[in-house]
Amino acid sequence: MKSFFSTALAILLFLVSCNQDDTNNVPNPSYFTINGTTYQVISVQGAGGIFTASGSHSVDVGSVAVYFYNNVLPNVSGTYNISDSANVSNNIYVTASTNSGGTTKTYTSFDTATQSKANVIVNKGKLTIQFSDVAMHDGSGNTVKLSATLKQD
């Protein structure tokens, strides 16, 4: 009987941990992919016009920050141009960083001939930001791709 309850408790804990991260209230579908490596989001914050998400991949960690015009998060859904600055109302600026084996890399969005777009959904004051294959500079002249679905709950 004791092993039955131990097994049932272990299964329950496993199912709860798979469905949602209770500490940060972030559902599992939130992720970002930098240069082919996907990070599961473990924390999302939105304040002062900056929306940030932190994630992990195995022992590596990473983060994404989205900057909005006038340091104000949007209160209506819309499509934004991903640019090298958030200097006009329909532009956002995106940065990302990774740390793998103690080596930190930083990436920034930039203007391209065909600007990438981000879909921002506002639902009951909470944001969901989605974009794919955004060209990012790594500071050494290299370009990498960033994709993300970031959901604030």
# chains A, B, ... in the order shown; residues from 1 in each chain; ligands from 1
$ residues_around --residues "Ser147 (chain A)" --least-positions-apart "6" --cutoff "12 Å" --atoms "only C-alpha atoms" --output "list in words"
Ser30, Tyr31, Phe32, Thr33, Ile34, Asn35, Gly36, Thr37, Thr38, Tyr39, Val64, Ile82, Val94, Thr95, Ala96, Ser109, Ser116, Lys117, Ala118, Asn119, Ile129, Gln130, Phe131, Ser132, Asp133, Val134, Ala135 and Met136 of chain A
$ closest_residue --among "A:Thr149, A:Ser140, A:Ser56, A:Ser43" --to "Thr108 (chain A)" --atoms "only C-alpha atoms"
A:Ser140
$ select_by_dssp --residues "chain A" --states "helix (DSSP H, G or I)" --output "MDAnalysis selection string"
chainID A and resid 2:19 69:71
$ atom_distance --atom1 "CA of Tyr80 (chain A)" --atom2 "CA of Lys105 (chain A)"
25.3 Å
$ residues_around --residues "Phe68 (chain A)" --least-positions-apart "3" --cutoff "12 Å" --atoms "only C-alpha atoms" --output "MDAnalysis selection string"
chainID A and resid 46:52 65 71:75 80:95 118 120 129
$ residues_around --residues "Gly62 (chain A)" --least-positions-apart "6" --cutoff "6 Å" --atoms "only C-alpha atoms" --output "number ranges by chain"
A: 54-55, 97-98
$ write_last_selection --atoms "N, CA and C atoms" --output "short mmCIF file (atom, residue, chain, number, x, y, z; two decimals), in the first residue's frame"
data_model
loop_
_atom_site.label_atom_id
_atom_site.label_comp_id
_atom_site.auth_asym_id
_atom_site.auth_seq_id
_atom_site.Cartn_x
_atom_site.Cartn_y
_atom_site.Cartn_z
N SER A 54 13.33 34.73 -19.61
CA SER A 54 14.54 33.96 -19.32
C SER A 54 14.24 32.49 -19.54
N GLY A 55 15.22 31.77 -20.03
CA GLY A 55 15.00 30.36 -20.31
C GLY A 55 16.23 29.52 -20.13
N SER A 97 20.54 37.15 -25.18
CA SER A 97 21.85 36.72 -24.71
C SER A 97 21.80 35.26 -24.34
N THR A 98 22.95 34.60 -24.44
CA THR A 98 23.08 33.21 -24.04
C THR A 98 24.34 33.03 -23.21
#
$ residues_around --residues "His137 (chain A)" --least-positions-apart "2" --cutoff "6 Å" --atoms "only C-alpha atoms" --output "count of residues only"
5
$ select_by_dssp --residues "chain A" --states "strand (DSSP E or B)" --output "PyMOL selection string"
chain A and resi 20-21+26-27+31-34+37-47+50-57+60-68+78-83+91-100+103-109+117-123+126-137+143-151
